[in-house]
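Structure first, then comments.
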Amino acid sequence: MQPTATVLVYSDDSNTREQVRLAAGRRPAPDVPLVEFVECATPEAVVREVDRGGIDVCVLDGEAVPMGGMGVCRQLKDEVFGAPPVLLLMGRPQDAWLATWSRADAAVTLPVDPMEFAEALASLLRRKRLQNA
């Protein structure tokens with residue numbers, strides 16, 4: 001049995017969550033584990049799932065309402081010891097400075113480009129694997 005990685009996807013928009021799942025597929029790159037998704041539509045659900053443990057990477061929608069992924073990312077990094085790496089979905093490339101402020105580990109723009117997204121997610125999964133080794 002191969003190990004799996006758990007990826008949390010936060011967006012109030014079910015279409016955005018679907019874009020993320022489709023872009024990642026079952027395995028975003030040949031050298032990373034299969035992924036399982038945990039979907040969250042509210043910031044409270046994100047915090048609850050991360051507190052529960054077992055999340056390898058968070059994908060947070062910076063355009064989510066009522067609290068964007070940047071604010072959720074900043075909260076996780078401030079409040080959760082050993083918070084998982086975060087891949088932020090931004091509305092515009094010019095928002096990269098906000099991604100830095102939020103302490104996101106990586107960022108890509110919306111709409112989700114499958115190649116760019118899979119590469120960014122795989123990179124964070126590799127980093128997580130090295131941290132756990």
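Residues in the structure tokens are numbered from 1 in each chain, the chains being A, B, ... in the order shown, and ligands are numbered from 1 in the order shown.
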
What parts of range 15-130 of chain A does DSSP call helix (DSSP H, G or I)? I'd like the answer as an MDAnalysis selection string. chainID A and resid 15:24 43:52 69:79 93:102 114:130

Considering only C-alpha atoms, tabulate each residue of range 59-100 of chain A that lies at most 9 Å from range 28-44 of chain A along with its nearest interatomic pair and the corresponding distance in Å to one decimal; arrange the rows by chain and ascending residue number and present them as a tab-separated table.
```
residue	atom	partner	partner_atom	distance
A:Ala64	CA	A:Ala41	CA	8.6
A:Val65	CA	A:Thr42	CA	8.4
A:Pro66	CA	A:Thr42	CA	8.2
A:Met67	CA	A:Pro43	CA	6.7
A:Gly68	CA	A:Pro43	CA	8.4
A:Gly69	CA	A:Pro43	CA	8.3
A:Val72	CA	A:Pro43	CA	6.5
```

Which one is closest to Asp61 in chain A: A:Arg92, A:Thr100, A:Tyr10, A:Val86? Count only C-alpha atoms. A:Tyr10

Using only C-alpha atoms, pick whichever of A:Leu88, A:Val80, A:Leu121, A:Cys58 has the shortest atom-to-atom distance to Ala107 in chain A. A:Leu88

What lies within 7 Å of Arg74 in chain A using only C-alpha atoms, ignoring chain neighbours under 4 positions off, as a PyMOL selection string? chain A and resi 70+78+102-103

Mind pulling up the distance from CA of Ala45 in chain A to CA of Leu22 in chain A? 21.8 Å

Between A:Ala99, A:Val9, A:Leu76, A:Met90, which has the minimum distance to Asp113 in chain A (counting only C-alpha atoms)?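 Ranked by minimum distance to Asp113 in chain A, first place goes to A:Met90.
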
May I ask for the distance between CA of Ser123 in chain A and CA of Cys73 in chain A, given in Å to one decimal place?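 The value is 18.1 Å.
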
So that I can see what lies close to Gly82 in chain A, please list as a VMD selection string the residues with an atom at most 12 Å from it, counting only C-alpha atoms and leaving out residues fewer than 5 positions away in the same chain. chain A and resid 50 to 51 53 to 57 76 to 77 128 131 to 132

Please produce a file of the residues just selected, as a PDB file, in the first residue's frame, where the atoms kept are all heavy atoms.
```
ATOM      1  N   VAL A  50      -7.197  21.478  10.765  1.00  0.00           N
ATOM      2  CA  VAL A  50      -5.756  21.594  11.003  1.00  0.00           C
ATOM      3  C   VAL A  50      -5.429  21.243  12.454  1.00  0.00           C
ATOM      4  O   VAL A  50      -4.451  20.549  12.727  1.00  0.00           O
ATOM      5  CB  VAL A  50      -5.231  22.995  10.617  1.00  0.00           C
ATOM      6  CG1 VAL A  50      -3.789  23.192  11.056  1.00  0.00           C
ATOM      7  CG2 VAL A  50      -5.351  23.200   9.105  1.00  0.00           C
ATOM      8  N   ASP A  51      -6.268  21.689  13.386  1.00  0.00           N
ATOM      9  CA  ASP A  51      -6.072  21.343  14.805  1.00  0.00           C
ATOM     10  C   ASP A  51      -6.171  19.834  15.024  1.00  0.00           C
ATOM     11  O   ASP A  51      -5.472  19.278  15.862  1.00  0.00           O
ATOM     12  CB  ASP A  51      -7.114  22.042  15.685  1.00  0.00           C
ATOM     13  CG  ASP A  51      -6.759  23.478  15.997  1.00  0.00           C
ATOM     14  OD1 ASP A  51      -5.591  23.868  15.819  1.00  0.00           O
ATOM     15  OD2 ASP A  51      -7.675  24.231  16.408  1.00  0.00           O
ATOM     16  N   GLY A  53      -5.173  17.566  13.052  1.00  0.00           N
ATOM     17  CA  GLY A  53      -3.911  16.965  12.626  1.00  0.00           C
ATOM     18  C   GLY A  53      -4.072  16.120  11.381  1.00  0.00           C
ATOM     19  O   GLY A  53      -5.181  15.841  10.923  1.00  0.00           O
ATOM     20  N   GLY A  54      -2.935  15.737  10.808  1.00  0.00           N
ATOM     21  CA  GLY A  54      -2.940  14.863   9.652  1.00  0.00           C
ATOM     22  C   GLY A  54      -3.028  15.573   8.315  1.00  0.00           C
ATOM     23  O   GLY A  54      -3.083  14.922   7.270  1.00  0.00           O
ATOM     24  N   ILE A  55      -3.027  16.897   8.307  1.00  0.00           N
ATOM     25  CA  ILE A  55      -3.070  17.658   7.056  1.00  0.00           C
ATOM     26  C   ILE A  55      -1.624  17.882   6.601  1.00  0.00           C
ATOM     27  O   ILE A  55      -0.804  18.403   7.352  1.00  0.00           O
ATOM     28  CB  ILE A  55      -3.791  19.009   7.224  1.00  0.00           C
ATOM     29  CG1 ILE A  55      -5.217  18.812   7.736  1.00  0.00           C
ATOM     30  CG2 ILE A  55      -3.745  19.818   5.936  1.00  0.00           C
ATOM     31  CD1 ILE A  55      -6.140  18.065   6.806  1.00  0.00           C
ATOM     32  N   ASP A  56      -1.316  17.498   5.370  1.00  0.00           N
ATOM     33  CA  ASP A  56       0.037  17.650   4.846  1.00  0.00           C
ATOM     34  C   ASP A  56       0.248  18.998   4.161  1.00  0.00           C
ATOM     35  O   ASP A  56       1.328  19.582   4.269  1.00  0.00           O
ATOM     36  CB  ASP A  56       0.356  16.510   3.874  1.00  0.00           C
ATOM     37  CG  ASP A  56       0.408  15.177   4.599  1.00  0.00           C
ATOM     38  OD1 ASP A  56       1.264  15.032   5.488  1.00  0.00           O
ATOM     39  OD2 ASP A  56      -0.421  14.303   4.302  1.00  0.00           O
ATOM     40  N   VAL A  57      -0.753  19.478   3.445  1.00  0.00           N
ATOM     41  CA  VAL A  57      -0.688  20.772   2.759  1.00  0.00           C
ATOM     42  C   VAL A  57      -2.081  21.381   2.767  1.00  0.00           C
ATOM     43  O   VAL A  57      -3.080  20.670   2.596  1.00  0.00           O
ATOM     44  CB  VAL A  57      -0.202  20.621   1.291  1.00  0.00           C
ATOM     45  CG1 VAL A  57      -0.279  21.943   0.549  1.00  0.00           C
ATOM     46  CG2 VAL A  57       1.211  20.071   1.222  1.00  0.00           C
ATOM     47  N   LEU A  76      -3.379  30.602  10.757  1.00  0.00           N
ATOM     48  CA  LEU A  76      -2.789  29.278  10.976  1.00  0.00           C
ATOM     49  C   LEU A  76      -1.324  29.389  11.364  1.00  0.00           C
ATOM     50  O   LEU A  76      -0.865  28.718  12.302  1.00  0.00           O
ATOM     51  CB  LEU A  76      -2.918  28.415   9.717  1.00  0.00           C
ATOM     52  CG  LEU A  76      -4.309  27.955   9.328  1.00  0.00           C
ATOM     53  CD1 LEU A  76      -4.269  27.212   7.991  1.00  0.00           C
ATOM     54  CD2 LEU A  76      -4.936  27.094  10.408  1.00  0.00           C
ATOM     55  N   LYS A  77      -0.579  30.216  10.647  1.00  0.00           N
ATOM     56  CA  LYS A  77       0.856  30.360  10.917  1.00  0.00           C
ATOM     57  C   LYS A  77       1.103  30.967  12.294  1.00  0.00           C
ATOM     58  O   LYS A  77       2.092  30.645  12.942  1.00  0.00           O
ATOM     59  CB  LYS A  77       1.532  31.192   9.827  1.00  0.00           C
ATOM     60  CG  LYS A  77       1.455  30.592   8.431  1.00  0.00           C
ATOM     61  CD  LYS A  77       2.241  29.305   8.317  1.00  0.00           C
ATOM     62  CE  LYS A  77       2.234  28.792   6.893  1.00  0.00           C
ATOM     63  NZ  LYS A  77       3.178  27.738   6.637  1.00  0.00           N
ATOM     64  N   LYS A 128       7.444  18.779   2.514  1.00  0.00           N
ATOM     65  CA  LYS A 128       6.849  18.173   3.712  1.00  0.00           C
ATOM     66  C   LYS A 128       7.461  16.807   3.983  1.00  0.00           C
ATOM     67  O   LYS A 128       7.779  16.463   5.119  1.00  0.00           O
ATOM     68  CB  LYS A 128       5.326  18.066   3.526  1.00  0.00           C
ATOM     69  CG  LYS A 128       4.596  17.434   4.672  1.00  0.00           C
ATOM     70  CD  LYS A 128       4.474  18.369   5.837  1.00  0.00           C
ATOM     71  CE  LYS A 128       3.566  17.750   6.880  1.00  0.00           C
ATOM     72  NZ  LYS A 128       3.419  18.576   8.042  1.00  0.00           N
ATOM     73  N   GLN A 131      10.869  17.243   5.501  1.00  0.00           N
ATOM     74  CA  GLN A 131      10.771  17.674   6.896  1.00  0.00           C
ATOM     75  C   GLN A 131      10.463  16.493   7.813  1.00  0.00           C
ATOM     76  O   GLN A 131      10.920  16.455   8.950  1.00  0.00           O
ATOM     77  CB  GLN A 131       9.687  18.730   7.067  1.00  0.00           C
ATOM     78  CG  GLN A 131      10.042  20.071   6.491  1.00  0.00           C
ATOM     79  CD  GLN A 131       8.878  21.046   6.536  1.00  0.00           C
ATOM     80  OE1 GLN A 131       7.738  20.686   6.820  1.00  0.00           O
ATOM     81  NE2 GLN A 131       9.163  22.304   6.245  1.00  0.00           N
ATOM     82  N   ASN A 132       9.671  15.565   7.325  1.00  0.00           N
ATOM     83  CA  ASN A 132       9.271  14.412   8.151  1.00  0.00           C
ATOM     84  C   ASN A 132      10.305  13.306   8.154  1.00  0.00           C
ATOM     85  O   ASN A 132      10.202  12.363   8.935  1.00  0.00           O
ATOM     86  CB  ASN A 132       7.930  13.860   7.675  1.00  0.00           C
ATOM     87  CG  ASN A 132       6.797  14.805   7.963  1.00  0.00           C
ATOM     88  OD1 ASN A 132       6.906  15.703   8.789  1.00  0.00           O
ATOM     89  ND2 ASN A 132       5.699  14.628   7.260  1.00  0.00           N
TER      90      ASN A 132
END
```

In Å, with one decimal, what is the gap from CA of Glu49 in chain A to CA of Glu18 in chain A? 18.9 Å

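Comparing the minimum interatomic distances between Leu8 in chain A and each of A:Ala104, A:Leu60, A:Ala24, A:Leu124, counting only C-alpha atoms, we find that A:Leu60 sits nearest.
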
Please return as a PyMOL selection string: the residues of chain A that backbone DSSP assigns to strand (DSSP E). chain A and resi 4-10+34-40+57-61+86-90+106-109
